[in-house]
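*Asks:* The structure file data-v3.txt (compact mmCIF, N, CA, C and O atoms) is provided below.
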# COMPACT_ATOMS: atom_id res chain seq x y z
N MET A 1 180.27 86.06 50.10
CA MET A 1 178.93 86.32 50.59
C MET A 1 178.12 85.02 50.67
O MET A 1 177.52 84.72 51.68
N PHE A 2 178.09 84.26 49.55
CA PHE A 2 177.32 83.02 49.54
C PHE A 2 177.92 81.99 50.47
O PHE A 2 177.22 81.15 51.03
N GLN A 3 179.23 82.05 50.62
CA GLN A 3 179.90 81.12 51.51
C GLN A 3 179.47 81.34 52.96
O GLN A 3 179.23 80.40 53.70
N MET A 4 179.31 82.60 53.34
CA MET A 4 178.86 82.91 54.70
C MET A 4 177.42 82.45 54.91
O MET A 4 177.09 81.92 55.98
N LEU A 5 176.57 82.61 53.90
CA LEU A 5 175.19 82.14 54.01
C LEU A 5 175.17 80.61 54.19
O LEU A 5 174.38 80.08 54.97
N GLY A 6 176.03 79.93 53.48
CA GLY A 6 176.13 78.48 53.61
C GLY A 6 176.57 78.06 54.99
O GLY A 6 176.06 77.08 55.56
N VAL A 7 177.50 78.80 55.56
CA VAL A 7 178.00 78.49 56.91
C VAL A 7 176.88 78.67 57.92
O VAL A 7 176.68 77.82 58.80
N PHE A 8 176.12 79.76 57.81
CA PHE A 8 175.02 80.00 58.74
C PHE A 8 173.93 78.95 58.59
O PHE A 8 173.35 78.48 59.58
N ALA A 9 173.62 78.58 57.36
CA ALA A 9 172.60 77.57 57.13
C ALA A 9 173.01 76.22 57.72
O ALA A 9 172.21 75.51 58.32
N GLU A 10 174.27 75.87 57.55
CA GLU A 10 174.78 74.62 58.09
C GLU A 10 174.75 74.64 59.62
O GLU A 10 174.37 73.65 60.26
N PHE A 11 175.09 75.76 60.22
CA PHE A 11 175.06 75.91 61.67
C PHE A 11 173.63 75.77 62.19
O PHE A 11 173.38 75.06 63.16
N GLU A 12 172.70 76.44 61.52
CA GLU A 12 171.30 76.39 61.94
C GLU A 12 170.76 74.97 61.81
O GLU A 12 170.02 74.48 62.67
N ARG A 13 171.11 74.28 60.75
CA ARG A 13 170.67 72.91 60.54
C ARG A 13 171.20 72.00 61.63
O ARG A 13 170.51 71.10 62.11
N GLY A 14 172.43 72.23 62.05
CA GLY A 14 173.01 71.45 63.15
C GLY A 14 172.25 71.66 64.46
O GLY A 14 172.01 70.71 65.21
N ILE A 15 171.87 72.90 64.72
CA ILE A 15 171.11 73.21 65.93
C ILE A 15 169.74 72.52 65.89
O ILE A 15 169.29 71.94 66.88
N ILE A 16 169.09 72.57 64.73
CA ILE A 16 167.78 71.92 64.58
C ILE A 16 167.91 70.42 64.82
O ILE A 16 167.09 69.81 65.52
N ARG A 17 168.93 69.81 64.26
CA ARG A 17 169.15 68.37 64.43
C ARG A 17 169.34 68.03 65.91
O ARG A 17 168.80 67.03 66.40
N GLU A 18 170.10 68.85 66.64
CA GLU A 18 170.31 68.61 68.07
C GLU A 18 169.00 68.68 68.84
O GLU A 18 168.74 67.86 69.72
N ARG A 19 168.17 69.68 68.51
CA ARG A 19 166.89 69.83 69.21
C ARG A 19 165.97 68.64 68.94
O ARG A 19 165.30 68.16 69.84
N VAL A 20 165.92 68.21 67.69
CA VAL A 20 165.06 67.07 67.34
C VAL A 20 165.53 65.82 68.07
O VAL A 20 164.72 65.09 68.66
N ASN A 21 166.82 65.56 68.06
CA ASN A 21 167.34 64.38 68.75
C ASN A 21 167.10 64.44 70.25
O ASN A 21 166.80 63.43 70.88
N ALA A 22 167.22 65.64 70.82
CA ALA A 22 166.96 65.80 72.25
C ALA A 22 165.49 65.53 72.56
O ALA A 22 165.16 64.87 73.55
N GLY A 23 164.60 66.02 71.70
CA GLY A 23 163.17 65.79 71.90
C GLY A 23 162.81 64.32 71.78
O GLY A 23 162.00 63.80 72.55
N LEU A 24 163.41 63.64 70.80
CA LEU A 24 163.16 62.21 70.65
C LEU A 24 163.67 61.43 71.86
O LEU A 24 163.01 60.50 72.34
N ALA A 25 164.83 61.80 72.35
CA ALA A 25 165.40 61.13 73.52
C ALA A 25 164.52 61.36 74.75
O ALA A 25 164.28 60.44 75.54
N ARG A 26 164.00 62.58 74.90
CA ARG A 26 163.13 62.90 76.04
C ARG A 26 161.83 62.09 75.95
O ARG A 26 161.35 61.55 76.95
N ALA A 27 161.25 62.01 74.75
CA ALA A 27 160.02 61.25 74.57
C ALA A 27 160.25 59.77 74.86
O ALA A 27 159.42 59.10 75.48
N LYS A 28 161.38 59.26 74.41
CA LYS A 28 161.71 57.85 74.64
C LYS A 28 161.90 57.59 76.13
O LYS A 28 161.50 56.55 76.64
N ALA A 29 162.53 58.54 76.84
CA ALA A 29 162.76 58.39 78.27
C ALA A 29 161.44 58.40 79.05
O ALA A 29 161.31 57.72 80.07
N LYS A 30 160.46 59.15 78.55
CA LYS A 30 159.15 59.19 79.19
C LYS A 30 158.35 57.93 78.91
O LYS A 30 157.31 57.70 79.53
N GLY A 31 158.80 57.14 77.95
CA GLY A 31 158.10 55.91 77.63
C GLY A 31 157.14 56.02 76.47
O GLY A 31 156.36 55.12 76.22
N THR A 32 157.19 57.14 75.76
CA THR A 32 156.34 57.32 74.60
C THR A 32 156.78 56.39 73.49
O THR A 32 157.97 56.29 73.20
N LYS A 33 155.83 55.72 72.90
CA LYS A 33 156.15 54.80 71.82
C LYS A 33 156.24 55.60 70.53
O LYS A 33 155.31 56.31 70.16
N LEU A 34 157.37 55.49 69.85
CA LEU A 34 157.59 56.23 68.62
C LEU A 34 157.33 55.34 67.42
O LEU A 34 157.46 54.12 67.49
N GLY A 35 156.93 55.94 66.32
CA GLY A 35 156.72 55.19 65.09
C GLY A 35 155.25 54.96 64.81
O GLY A 35 154.37 55.48 65.49
N ARG A 36 155.00 54.17 63.79
CA ARG A 36 153.63 53.88 63.40
C ARG A 36 152.97 52.92 64.37
O ARG A 36 153.63 52.09 64.99
N ARG A 37 151.64 53.03 64.45
CA ARG A 37 150.89 52.10 65.28
C ARG A 37 150.83 50.76 64.56
O ARG A 37 150.80 50.69 63.34
N THR A 38 150.76 49.70 65.34
CA THR A 38 150.62 48.38 64.75
C THR A 38 149.15 48.10 64.49
O THR A 38 148.28 48.58 65.21
N VAL A 39 148.87 47.33 63.46
CA VAL A 39 147.49 47.01 63.12
C VAL A 39 147.24 45.51 63.19
O VAL A 39 146.28 45.01 62.64
N LYS A 40 148.10 44.79 63.88
CA LYS A 40 147.97 43.34 63.95
C LYS A 40 146.62 42.92 64.53
O LYS A 40 146.04 41.93 64.10
N ALA A 41 146.12 43.67 65.49
CA ALA A 41 144.84 43.32 66.08
C ALA A 41 143.70 43.55 65.10
O ALA A 41 142.65 42.92 65.19
N SER A 42 143.88 44.44 64.15
CA SER A 42 142.83 44.78 63.21
C SER A 42 142.82 43.90 61.97
O SER A 42 141.87 43.97 61.19
N ILE A 43 143.84 43.10 61.76
CA ILE A 43 143.95 42.32 60.52
C ILE A 43 142.76 41.39 60.35
O ILE A 43 142.14 41.34 59.28
N GLU A 44 142.41 40.67 61.39
CA GLU A 44 141.27 39.76 61.30
C GLU A 44 139.97 40.53 61.08
O GLU A 44 139.11 40.10 60.32
N ARG A 45 139.85 41.66 61.74
CA ARG A 45 138.64 42.48 61.59
C ARG A 45 138.53 43.02 60.17
O ARG A 45 137.44 43.06 59.60
N ILE A 46 139.65 43.41 59.57
CA ILE A 46 139.65 43.88 58.18
C ILE A 46 139.17 42.77 57.26
O ILE A 46 138.32 42.99 56.39
N ARG A 47 139.68 41.57 57.48
CA ARG A 47 139.28 40.43 56.65
C ARG A 47 137.79 40.13 56.80
O ARG A 47 137.10 39.82 55.83
N GLU A 48 137.29 40.21 58.04
CA GLU A 48 135.87 39.96 58.30
C GLU A 48 134.99 40.98 57.57
O GLU A 48 134.01 40.61 56.92
N LEU A 49 135.35 42.25 57.69
CA LEU A 49 134.55 43.30 57.06
C LEU A 49 134.58 43.20 55.55
O LEU A 49 133.58 43.43 54.87
N LYS A 50 135.73 42.84 54.99
CA LYS A 50 135.83 42.68 53.53
C LYS A 50 134.98 41.49 53.08
O LYS A 50 134.33 41.55 52.03
N ALA A 51 134.98 40.42 53.86
CA ALA A 51 134.17 39.24 53.52
C ALA A 51 132.68 39.57 53.57
O ALA A 51 131.89 38.99 52.83
N GLU A 52 132.30 40.51 54.42
CA GLU A 52 130.90 40.94 54.51
C GLU A 52 130.51 41.84 53.34
O GLU A 52 129.35 42.18 53.19
N GLY A 53 131.51 42.25 52.54
CA GLY A 53 131.21 43.07 51.37
C GLY A 53 131.43 44.56 51.56
O GLY A 53 131.08 45.36 50.70
N MET A 54 132.03 44.95 52.67
CA MET A 54 132.28 46.36 52.92
C MET A 54 133.45 46.83 52.07
O MET A 54 134.39 46.09 51.82
N GLY A 55 133.40 48.07 51.60
CA GLY A 55 134.45 48.63 50.76
C GLY A 55 135.67 49.05 51.55
O GLY A 55 135.65 49.16 52.78
N ILE A 56 136.74 49.31 50.81
CA ILE A 56 138.02 49.66 51.43
C ILE A 56 137.94 50.97 52.21
O ILE A 56 138.41 51.06 53.35
N LEU A 57 137.32 51.98 51.61
CA LEU A 57 137.22 53.26 52.30
C LEU A 57 136.41 53.15 53.59
O LEU A 57 136.77 53.72 54.62
N LYS A 58 135.31 52.43 53.51
CA LYS A 58 134.44 52.29 54.68
C LYS A 58 135.13 51.48 55.78
O LYS A 58 134.99 51.79 56.97
N ILE A 59 135.88 50.46 55.40
CA ILE A 59 136.64 49.68 56.39
C ILE A 59 137.64 50.58 57.10
O ILE A 59 137.77 50.55 58.32
N GLY A 60 138.34 51.38 56.32
CA GLY A 60 139.33 52.30 56.90
C GLY A 60 138.71 53.28 57.87
O GLY A 60 139.23 53.52 58.96
N ARG A 61 137.58 53.86 57.48
CA ARG A 61 136.90 54.81 58.36
C ARG A 61 136.37 54.13 59.62
O ARG A 61 136.44 54.70 60.71
N THR A 62 135.82 52.94 59.47
CA THR A 62 135.25 52.22 60.60
C THR A 62 136.32 51.88 61.64
O THR A 62 136.09 52.04 62.84
N LEU A 63 137.47 51.43 61.18
CA LEU A 63 138.52 51.01 62.09
C LEU A 63 139.49 52.13 62.45
O LEU A 63 140.37 51.94 63.30
N GLY A 64 139.40 53.26 61.77
CA GLY A 64 140.29 54.38 62.06
C GLY A 64 141.70 54.17 61.56
O GLY A 64 142.67 54.61 62.19
N ILE A 65 141.83 53.48 60.42
CA ILE A 65 143.14 53.25 59.82
C ILE A 65 143.11 53.72 58.38
O ILE A 65 142.06 53.99 57.82
N GLY A 66 144.28 53.80 57.77
CA GLY A 66 144.38 54.28 56.40
C GLY A 66 143.96 53.23 55.40
O GLY A 66 144.01 52.02 55.65
N THR A 67 143.55 53.71 54.24
CA THR A 67 143.11 52.80 53.19
C THR A 67 144.28 51.96 52.65
O THR A 67 144.08 50.84 52.21
N SER A 68 145.49 52.51 52.70
CA SER A 68 146.64 51.75 52.22
C SER A 68 146.88 50.52 53.09
O SER A 68 147.28 49.46 52.59
N VAL A 69 146.61 50.64 54.39
CA VAL A 69 146.76 49.50 55.29
C VAL A 69 145.73 48.44 54.94
O VAL A 69 146.04 47.25 54.87
N VAL A 70 144.50 48.89 54.70
CA VAL A 70 143.43 47.95 54.34
C VAL A 70 143.78 47.24 53.04
O VAL A 70 143.66 46.02 52.94
N GLN A 71 144.24 47.99 52.05
CA GLN A 71 144.61 47.38 50.78
C GLN A 71 145.74 46.38 50.94
O GLN A 71 145.73 45.31 50.33
N ARG A 72 146.73 46.71 51.76
CA ARG A 72 147.86 45.83 51.98
C ARG A 72 147.42 44.52 52.63
O ARG A 72 147.85 43.43 52.24
N VAL A 73 146.52 44.60 53.61
CA VAL A 73 146.03 43.40 54.29
C VAL A 73 145.22 42.54 53.33
O VAL A 73 145.38 41.32 53.28
N ILE A 74 144.36 43.18 52.54
CA ILE A 74 143.52 42.45 51.60
C ILE A 74 144.36 41.77 50.53
O ILE A 74 144.13 40.62 50.17
N SER A 75 145.34 42.48 50.01
CA SER A 75 146.17 41.90 48.95
C SER A 75 147.07 40.78 49.48
O SER A 75 147.43 39.88 48.74
N ALA A 76 147.42 40.83 50.75
CA ALA A 76 148.25 39.79 51.35
C ALA A 76 147.46 38.49 51.50
O ALA A 76 148.03 37.41 51.47
N THR A 77 146.15 38.60 51.67
CA THR A 77 145.32 37.40 51.85
C THR A 77 144.92 36.80 50.51
O THR A 77 144.57 35.63 50.45
N SER A 78 144.97 37.59 49.45
CA SER A 78 144.53 37.09 48.13
C SER A 78 145.59 36.24 47.48
O SER A 78 146.73 36.28 47.67
Written as structure tokens, that's how I'd like the structure from this file.
*Replies:*
Amino acid sequence: MFQMLGVFAEFERGIIRERVNAGLARAKAKGTKLGRRTVKASIERIRELKAEGMGILKIGRTLGIGTSVVQRVISATS
């Protein structure tokens, strides 16, 4: 009984994997950029705002990026 449930679960997981890969391939073919956005353009702006005395949360909200990105940029400059 449990063996049959395992077989069905494995089959279903394979189908899901195929659908996901097909969707990713379709998005890539359309030219959609996959992955995280780059913040290279914002690095200087983050440094400027921090130098002005703005806090990490406010910088993140102002630029529309996560606080972890702001912290990473600030710690890299220190």
*Asks:* How many Å separate atom O of A:Gly53 from atom O of A:Val70?
*Replies:*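 So the two atoms, atom O of A:Gly53 and atom O of A:Val70, lie 12.8 Å apart.
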*Asks:* Considering only N, CA, C and O atoms, return as an NGL selection string whatever protein or nucleic-acid residues lie within 8 Å of A:Ser42, sequence-local ones (same chain, fewer than 6 positions apart) excluded.
*Replies:* :A and (48-49 or 63)
*Asks:* Could you tell me how far atom CA of A:Glu18 sits from atom CA of A:Met1, in Å to one decimal place?
*Replies:*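 Separating atom CA of A:Met1 from atom CA of A:Glu18 is a distance of 26.3 Å.
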*Asks:* So the first atom is atom CA of A:Val73 and the second is atom CA of A:Ile43; what is the distance between them in Å, to one decimal place?
*Replies:*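 So the two atoms, atom CA of A:Val73 and atom CA of A:Ile43, lie 6.7 Å apart.
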*Asks:* Quick one: everything within 12 Å of A:Arg36, counting only C-alpha atoms, minus sequence neighbours fewer than 3 positions away in the same chain. Send it as a PyMOL selection string.
*Replies:* chain A and resi 33+39-40+65-66+69
*Asks:* Would you mind writing down, as a PyMOL selection string, each residue of chain A that DSSP on the backbone assigns to alpha helix (DSSP H)?
*Replies:* chain A and resi 2-30+40-51+56-63+67-77
